[in-house]
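The file coords31.txt contains compact mmCIF, C-alpha atoms:
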# COMPACT_ATOMS: atom_id res chain seq x y z
CA MET A 1306 32.29 -6.37 11.72
CA PRO A 1307 31.74 -2.64 12.37
CA THR A 1308 30.38 -0.50 9.57
CA ALA A 1309 32.30 2.45 8.21
CA PRO A 1310 31.10 5.94 9.08
CA ASP A 1311 28.54 7.19 6.61
CA THR A 1312 29.07 10.60 5.08
CA GLY A 1313 26.14 11.70 3.03
CA ARG A 1314 26.04 14.09 0.09
CA ASP A 1315 25.72 16.90 2.59
CA GLY A 1316 29.22 16.09 3.86
CA HIS A 1317 28.01 15.50 7.41
CA LEU A 1318 29.05 12.41 9.27
CA HIS A 1319 26.07 10.20 10.06
CA ARG A 1320 26.20 7.58 12.78
CA ALA A 1321 26.50 4.04 11.54
CA ARG A 1322 23.20 2.26 11.05
CA THR A 1323 22.60 -1.25 12.17
CA GLY A 1324 20.40 -3.73 10.38
CA ARG A 1325 20.87 -2.25 6.87
CA ARG A 1326 23.91 -2.15 4.70
CA GLU A 1327 23.02 0.31 2.00
CA SER A 1328 24.79 3.17 0.33
CA PRO A 1329 23.37 6.69 0.54
CA ASP A 1330 21.98 6.24 -2.98
CA GLU A 1331 20.36 2.92 -2.09
CA ARG A 1332 18.87 4.48 1.04
CA ALA A 1333 17.49 7.38 -1.02
CA ASP A 1334 15.99 4.93 -3.53
CA ARG A 1335 14.36 2.93 -0.72
CA ARG A 1336 13.01 6.04 0.98
CA TRP A 1337 11.63 7.34 -2.34
CA SER A 1338 9.87 4.04 -3.00
CA ASP A 1339 8.46 4.01 0.53
CA LEU A 1340 7.25 7.60 0.17
CA LEU A 1341 5.52 6.86 -3.12
CA GLN A 1342 3.69 3.88 -1.63
CA GLU A 1343 2.54 5.98 1.33
CA VAL A 1344 1.41 8.94 -0.75
CA ARG A 1345 -0.66 6.78 -3.12
CA VAL A 1346 -3.14 6.12 -0.33
CA ALA A 1347 -3.42 9.75 0.73
CA GLN A 1348 -3.55 11.04 -2.85
CA THR A 1349 -6.50 8.87 -3.74
CA GLY A 1350 -8.44 9.92 -0.66
CA SER A 1351 -7.72 13.61 -1.16
CA GLN A 1352 -8.63 13.51 -4.85
CA VAL A 1353 -11.92 11.69 -4.28
CA LEU A 1354 -12.87 14.03 -1.43
CA PHE A 1355 -11.86 17.12 -3.41
CA GLY A 1356 -13.86 15.95 -6.43
CA PHE A 1357 -16.92 15.41 -4.25
CA LEU A 1358 -16.50 18.84 -2.66
CA LEU A 1359 -16.34 20.48 -6.07
CA SER A 1360 -19.63 18.90 -7.07
CA VAL A 1361 -21.51 19.96 -3.92
CA VAL A 1362 -21.89 23.57 -5.04
CA PHE A 1363 -23.96 22.39 -8.01
CA MET A 1364 -26.50 20.61 -5.81
CA PRO A 1365 -29.84 22.39 -5.37
CA ARG A 1366 -29.60 22.33 -1.58
CA SER A 1367 -26.34 24.30 -1.58
CA ALA A 1368 -28.23 27.47 -2.56
CA GLY A 1369 -30.01 27.37 0.81
CA LEU A 1370 -26.84 27.37 2.92
CA GLY A 1371 -26.45 30.20 5.39
CA ALA A 1372 -23.46 32.53 5.35
CA LEU A 1373 -21.54 30.52 7.97
CA ASP A 1374 -22.03 27.24 6.13
CA ARG A 1375 -21.10 28.83 2.78
CA GLY A 1376 -17.91 30.15 4.37
CA LEU A 1377 -17.20 26.73 5.85
CA TYR A 1378 -17.77 25.16 2.43
CA VAL A 1379 -15.34 27.58 0.75
CA ALA A 1380 -12.71 26.95 3.44
CA THR A 1381 -13.17 23.20 3.05
CA VAL A 1382 -12.79 23.33 -0.74
CA VAL A 1383 -9.67 25.49 -0.44
CA GLN A 1384 -8.18 23.09 2.14
CA GLY A 1385 -8.97 20.19 -0.18
CA ALA A 1386 -7.26 21.95 -3.09
CA LEU A 1387 -4.20 22.68 -0.96
CA ALA A 1388 -4.07 19.08 0.30
CA THR A 1389 -4.33 17.71 -3.22
CA GLY A 1390 -1.58 20.07 -4.38
CA ALA A 1391 0.78 19.08 -1.57
CA LEU A 1392 0.09 15.36 -2.00
CA THR A 1393 0.68 15.43 -5.76
CA ALA A 1394 3.79 17.66 -5.48
CA PRO A 1395 6.18 14.65 -5.49
CA VAL A 1396 5.32 14.18 -9.18
CA ALA A 1397 6.41 17.73 -10.07
CA TYR A 1398 9.49 17.50 -7.86
CA HIS A 1399 10.51 14.24 -9.49
CA ARG A 1400 10.14 15.72 -12.98
CA ILE A 1401 12.28 18.73 -12.05
CA PHE A 1402 14.91 16.75 -10.08
CA ALA A 1403 15.10 13.77 -12.48
CA GLY A 1404 18.61 13.00 -13.70
CA ARG A 1405 20.29 15.60 -11.47
CA ARG A 1406 21.61 13.15 -8.87
CA LEU A 1407 19.65 14.82 -6.08
CA LYS A 1408 17.50 11.93 -4.88
CA PRO A 1409 18.16 12.46 -1.13
CA GLU A 1410 17.17 16.11 -1.49
CA LEU A 1411 14.12 15.08 -3.54
CA VAL A 1412 13.01 12.66 -0.84
CA ASP A 1413 13.53 15.16 1.97
CA ALA A 1414 11.64 17.97 0.23
CA THR A 1415 8.72 15.84 -0.90
CA ALA A 1416 8.41 14.09 2.46
CA ARG A 1417 7.87 17.48 4.07
CA LEU A 1418 5.21 18.39 1.51
CA VAL A 1419 3.47 15.05 2.05
CA ALA A 1420 3.41 15.73 5.81
CA VAL A 1421 1.84 19.13 5.15
CA GLY A 1422 -0.60 17.47 2.74
CA LEU A 1423 -1.66 14.98 5.41
CA VAL A 1424 -2.35 17.80 7.86
CA LEU A 1425 -4.38 19.62 5.20
CA LEU A 1426 -6.23 16.39 4.34
CA ALA A 1427 -7.15 15.89 8.00
CA LEU A 1428 -8.38 19.49 8.20
CA THR A 1429 -10.38 19.00 5.00
CA ILE A 1430 -12.01 15.87 6.37
CA GLY A 1431 -12.79 17.63 9.66
CA SER A 1432 -14.24 20.67 7.90
CA ALA A 1433 -16.29 18.54 5.51
CA LEU A 1434 -17.61 16.50 8.43
CA LEU A 1435 -18.51 19.66 10.32
CA LEU A 1436 -20.33 21.07 7.30
CA LEU A 1437 -22.17 17.83 6.64
CA LEU A 1438 -23.25 17.45 10.27
CA ARG A 1439 -24.33 21.10 10.50
CA VAL A 1440 -26.48 20.78 7.37
CA ALA A 1441 -27.83 17.33 8.23
CA THR A 1442 -28.64 17.95 11.90
CA GLY A 1443 -28.57 21.70 12.49
CA SER A 1444 -27.28 20.77 15.92
CA MET A 1445 -24.55 22.41 17.98
CA ALA A 1446 -23.30 18.87 18.59
CA ALA A 1447 -21.85 18.95 15.06
CA GLY A 1448 -18.84 20.94 16.28
CA TRP A 1449 -18.22 18.56 19.17
CA ILE A 1450 -18.47 15.51 16.93
CA ALA A 1451 -16.14 16.99 14.31
CA GLY A 1452 -13.72 17.99 17.08
CA ALA A 1453 -13.75 14.45 18.47
CA VAL A 1454 -13.03 13.06 15.00
CA MET A 1455 -10.11 15.49 14.62
CA ALA A 1456 -8.78 14.36 18.01
CA TRP A 1457 -9.01 10.77 16.74
CA PHE A 1458 -6.98 11.73 13.65
CA ALA A 1459 -4.33 13.38 15.86
CA PHE A 1460 -4.21 10.26 18.01
CA CYS A 1461 -3.98 7.80 15.08
CA TRP A 1462 -1.76 9.84 12.78
CA LEU A 1463 0.59 11.49 15.27
CA LEU A 1464 0.40 10.54 18.94
CA LEU A 1465 0.19 6.77 18.51
CA PRO A 1466 3.07 6.52 16.00
CA VAL A 1467 5.28 8.81 18.09
CA ARG A 1468 4.48 6.73 21.18
CA HIS A 1469 5.43 3.54 19.37
CA LEU A 1470 8.57 5.16 17.98
CA HIS A 1471 9.72 6.14 21.47
CA ARG A 1472 8.80 2.75 22.88
CA HIS A 1473 10.82 0.88 20.25
CA THR A 1474 13.79 3.23 19.99
CA GLY A 1475 14.00 4.49 23.55
CA GLY A 1476 13.44 7.99 22.23
CA THR A 1477 16.97 8.05 20.78
CA ARG A 1478 15.97 8.65 17.16
CA SER A 1479 14.56 11.88 15.90
CA LEU A 1480 11.40 12.11 13.83
CA ASP A 1481 13.66 13.63 11.17
CA ASP A 1482 15.79 10.46 11.09
CA PRO A 1483 15.32 9.12 7.55
CA ASP A 1484 15.40 5.50 8.59
CA THR A 1485 12.47 5.76 10.96
CA GLY A 1486 10.28 5.89 7.89
CA SER A 1487 8.24 8.72 9.38
CA GLY A 1488 10.50 11.69 8.92
CA PRO A 1489 11.54 13.56 5.80
In structure tokens, what does this structure look like?
Amino acid sequence: MPTAPDTGRDGHLHRARTGRRESPDERADRRWSDLLQEVRVAQTGSQVLFGFLLSVVFMPRSAGLGALDRGLYVATVVQGALATGALTAPVAYHRIFAGRRLKPELVDATARLVAVGLVLLALTIGSALLLLLRVATGSMAAGWIAGAVMAWFAFCWLLLPVRHLHRHTGGTRSLDDPDTGSGP
């Protein structure tokens, strides 16, 4: 039996979905739950890393850092703060949006912030790794190693999922399609 066309709160006609029979509100609830499960992992990592970065400045060895490494440390801490802010933003959004019947909008907005938070988290990890390797080895190889790790993140977090998405959907669904689980 064919499904009826789906018109969302935005008034736009959405193509019928196969495999799920859920209302727009049920879809928003599912997407919100999925988003919260995903962000819990990233939040914990960003908060632990940020806490560690905050403590580094109080270590005796930090006083001996050169100007470049001090600048790298400051940039890393700022990136960590920004990542933590973006990854905890769904809490603030939920408090502000609660009870206003705007769950699809809540999910879309917070999914975008979580994506930004993941990029910032990757940059924080790369910067922290670069700083650590520079201090530990003093070698120019530190930049190459950190760059290789960042390439690995891009491969695991972006290229590989997009490749699988295109393989399994024939490239017909956009990354912004809410039912891919990877878009906003």
Among the residues A:Ala1453, A:Tyr1398, A:Leu1436, A:Glu1343, the one that comes closest to Glu1410 of chain A [using only C-alpha atoms]:
A:Tyr1398
Taking (-13.4, 25.0, 4.3) in the file's coordinates as the center, which residues reach within 10 Å of it, counting only C-alpha atoms, put as a list in words?
Leu1358, Asp1374, Arg1375, Gly1376, Leu1377, Tyr1378, Val1379, Ala1380, Thr1381, Val1382, Val1383, Gln1384, Gly1385, Leu1428, Thr1429, Ile1430, Gly1431, Ser1432, Ala1433, Leu1435 and Leu1436 of chain A
Can you measure atom CA of Leu1387 of chain A to atom CA of Val1440 of chain A for me? One decimal in Å is fine.
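Atom CA of Leu1387 of chain A sits 23.9 Å away from atom CA of Val1440 of chain A.
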Rank nothing, just name the residue among A:Leu1434, A:Leu1464, A:Ala1459, A:Ala1391 nearest to Ala1414 of chain A, using all atoms listed in the file.
A:Ala1391
Give me, as a VMD selection string, all polymer residues having an atom no more than 8 Å from Ala1394 of chain A, counting all atoms listed in the file and skipping those fewer than 4 positions away in the same chain.
chain A and resid 1390 1398 1415 1418 to 1419
